[in-house]
>>> print(open('final-v5.txt').read())   # compact mmCIF, C-alpha atoms
# COMPACT_ATOMS: atom_id res chain seq x y z
CA MET A 26 1.98 -31.40 -11.19
CA GLU A 27 2.36 -27.89 -12.59
CA VAL A 28 2.56 -24.91 -10.28
CA PHE A 29 2.01 -21.34 -11.49
CA ILE A 30 3.58 -18.70 -9.28
CA LYS A 31 2.71 -15.08 -10.02
CA VAL A 32 5.07 -12.39 -8.77
CA ALA A 33 5.54 -8.66 -9.24
CA PRO A 34 8.61 -7.46 -11.16
CA ARG A 35 10.51 -6.43 -8.00
CA GLU A 36 10.04 -9.83 -6.36
CA TYR A 37 10.90 -11.59 -9.61
CA GLY A 38 14.24 -9.80 -9.70
CA ARG A 39 14.95 -10.69 -6.08
CA LEU A 40 14.05 -14.36 -6.57
CA ARG A 41 16.15 -14.55 -9.72
CA SER A 42 19.17 -13.16 -7.88
CA LYS A 43 18.79 -15.72 -5.06
CA ILE A 44 18.49 -18.82 -7.26
CA SER A 45 21.84 -20.07 -8.50
CA SER A 46 22.46 -20.79 -12.16
CA ASN A 47 22.84 -24.53 -11.49
CA SER A 48 19.60 -24.82 -9.49
CA PRO A 49 16.78 -26.95 -10.94
CA ALA A 50 14.48 -23.94 -10.46
CA ARG A 51 16.64 -21.52 -12.46
CA GLU A 52 15.26 -22.59 -15.84
CA ALA A 53 11.68 -22.13 -14.62
CA VAL A 54 12.48 -18.64 -13.34
CA ASP A 55 14.38 -17.69 -16.50
CA ASN A 56 11.46 -18.88 -18.65
CA ALA A 57 8.81 -16.96 -16.68
CA THR A 58 6.14 -15.30 -18.77
CA ARG A 59 5.69 -11.55 -18.50
CA ILE A 60 2.04 -10.74 -17.79
CA ASP A 61 0.08 -7.51 -17.86
CA HIS A 62 -3.65 -7.81 -17.31
CA ALA A 63 -6.53 -6.20 -15.51
CA LEU A 64 -9.04 -8.12 -13.44
CA GLU A 65 -12.07 -6.28 -12.13
CA GLY A 66 -10.32 -2.97 -12.77
CA ILE A 67 -7.12 -3.93 -10.99
CA LEU A 68 -4.00 -3.98 -13.14
CA PHE A 69 -1.46 -6.72 -12.46
CA GLU A 70 2.00 -6.46 -13.94
CA GLY A 71 4.49 -9.18 -13.24
CA TYR A 72 5.61 -12.67 -14.11
CA SER A 73 4.08 -16.11 -14.09
CA ILE A 74 6.58 -18.81 -13.23
CA ARG A 75 5.53 -22.26 -14.47
CA CYS A 76 7.30 -24.99 -12.53
CA ASP A 77 6.95 -28.38 -10.88
CA GLU A 78 6.58 -28.85 -7.13
CA ASP A 79 10.30 -29.37 -6.50
CA GLN A 80 11.15 -26.16 -8.35
CA ALA A 81 8.35 -24.35 -6.48
CA ARG A 82 9.87 -25.44 -3.16
CA ILE A 83 13.25 -24.03 -4.21
CA ILE A 84 11.55 -20.78 -5.21
CA LEU A 85 9.74 -20.77 -1.85
CA ASP A 86 13.07 -21.12 -0.04
CA ALA A 87 14.48 -18.20 -2.05
CA ALA A 88 11.41 -16.14 -1.14
CA LYS A 89 11.98 -16.90 2.53
CA GLN A 90 15.41 -15.27 2.18
CA SER A 91 14.48 -12.22 0.13
CA CYS A 92 10.72 -11.78 -0.41
CA PRO A 93 8.79 -12.65 2.75
CA ASP A 94 5.63 -10.91 1.50
CA ILE A 95 5.12 -13.48 -1.29
CA ILE A 96 5.69 -16.63 0.77
CA GLN A 97 1.98 -17.10 1.36
CA ASP A 98 1.21 -16.63 -2.36
CA ILE A 99 3.73 -19.33 -3.30
CA GLU A 100 2.34 -21.70 -0.67
CA LYS A 101 -1.17 -21.09 -2.03
CA ALA A 102 0.01 -21.80 -5.59
CA ILE A 103 1.48 -25.14 -4.46
CA THR A 104 -1.70 -26.04 -2.57
CA PHE A 105 -3.86 -25.06 -5.53
CA ALA A 106 -1.79 -27.20 -7.90
CA ARG A 107 -2.02 -30.17 -5.53
CA SER A 108 -5.80 -29.90 -5.39
CA GLY A 109 -5.96 -30.22 -9.16
CA THR A 110 -8.53 -27.47 -9.53
>>> encode(input="final-v5.txt", output="structure tokens")
Amino acid sequence: MEVFIKVAPREYGRLRSKISSNSPAREAVDNATRIDHALEGILFEGYSIRCDEDQARIILDAAKQSCPDIIQDIEKAITFARSGT
């Protein structure tokens, strides 16, 4: 199962600093894709982190420590990936 977590640049930096270099989620975070797009006139700048569910859970734990405002977004990304839609 692939999970796609979208985060703003500030949160990306915080997550990256909380995930150790030997963590299974580190490669997913380091390989995040920079995105800049507009949807219905709203510009989104940030990163898309492609990961598996285990990596997503590690990222979620890091968010709980440093980025509480994106916890719900990460949980939604995991739920969305599980639903297969």
>>> closest_residue(input="final-v5.txt", among="A:Leu85, A:Gly109, A:Tyr37, A:Ile103", to="Glu70 of chain A", atoms="all atoms listed in the file")
A:Tyr37
>>> residues_around(input="final-v5.txt", residues="segment 51-56 of chain A", least_positions_apart="2", cutoff="8 Å", atoms="only C-alpha atoms", output="list in words")
Arg41, Ile44, Ser45, Ser46, Asn47, Ser48, Pro49, Thr58, Ile74, Arg75, Cys76 and Gln80 of chain A
>>> closest_residue(input="final-v5.txt", among="A:Ala106, A:Met26, A:Ile96, A:Val32", to="Asp61 of chain A", atoms="all atoms listed in the file")
A:Val32
>>> residues_near_point(input="final-v5.txt", point="(2.9, -23.6, -1.5)", cutoff="10 Å", atoms="only C-alpha atoms", output="compact mmCIF listing (two decimals) with C-alpha atoms, in the coordinates of the input")
# COMPACT_ATOMS: atom_id res chain seq x y z
CA VAL A 28 2.56 -24.91 -10.28
CA ILE A 30 3.58 -18.70 -9.28
CA GLU A 78 6.58 -28.85 -7.13
CA ALA A 81 8.35 -24.35 -6.48
CA ARG A 82 9.87 -25.44 -3.16
CA ILE A 84 11.55 -20.78 -5.21
CA LEU A 85 9.74 -20.77 -1.85
CA ILE A 96 5.69 -16.63 0.77
CA GLN A 97 1.98 -17.10 1.36
CA ASP A 98 1.21 -16.63 -2.36
CA ILE A 99 3.73 -19.33 -3.30
CA GLU A 100 2.34 -21.70 -0.67
CA LYS A 101 -1.17 -21.09 -2.03
CA ALA A 102 0.01 -21.80 -5.59
CA ILE A 103 1.48 -25.14 -4.46
CA THR A 104 -1.70 -26.04 -2.57
CA PHE A 105 -3.86 -25.06 -5.53
CA ALA A 106 -1.79 -27.20 -7.90
CA ARG A 107 -2.02 -30.17 -5.53
>>> axis_aligned_box(input="final-v5.txt", around="segment 72-85 of chain A", padding_each_side="3 Å", output="JSON")
{"center_x": 8.7, "center_y": -21.0, "center_z": -8.2, "size_x": 15.2, "size_y": 22.7, "size_z": 18.6}
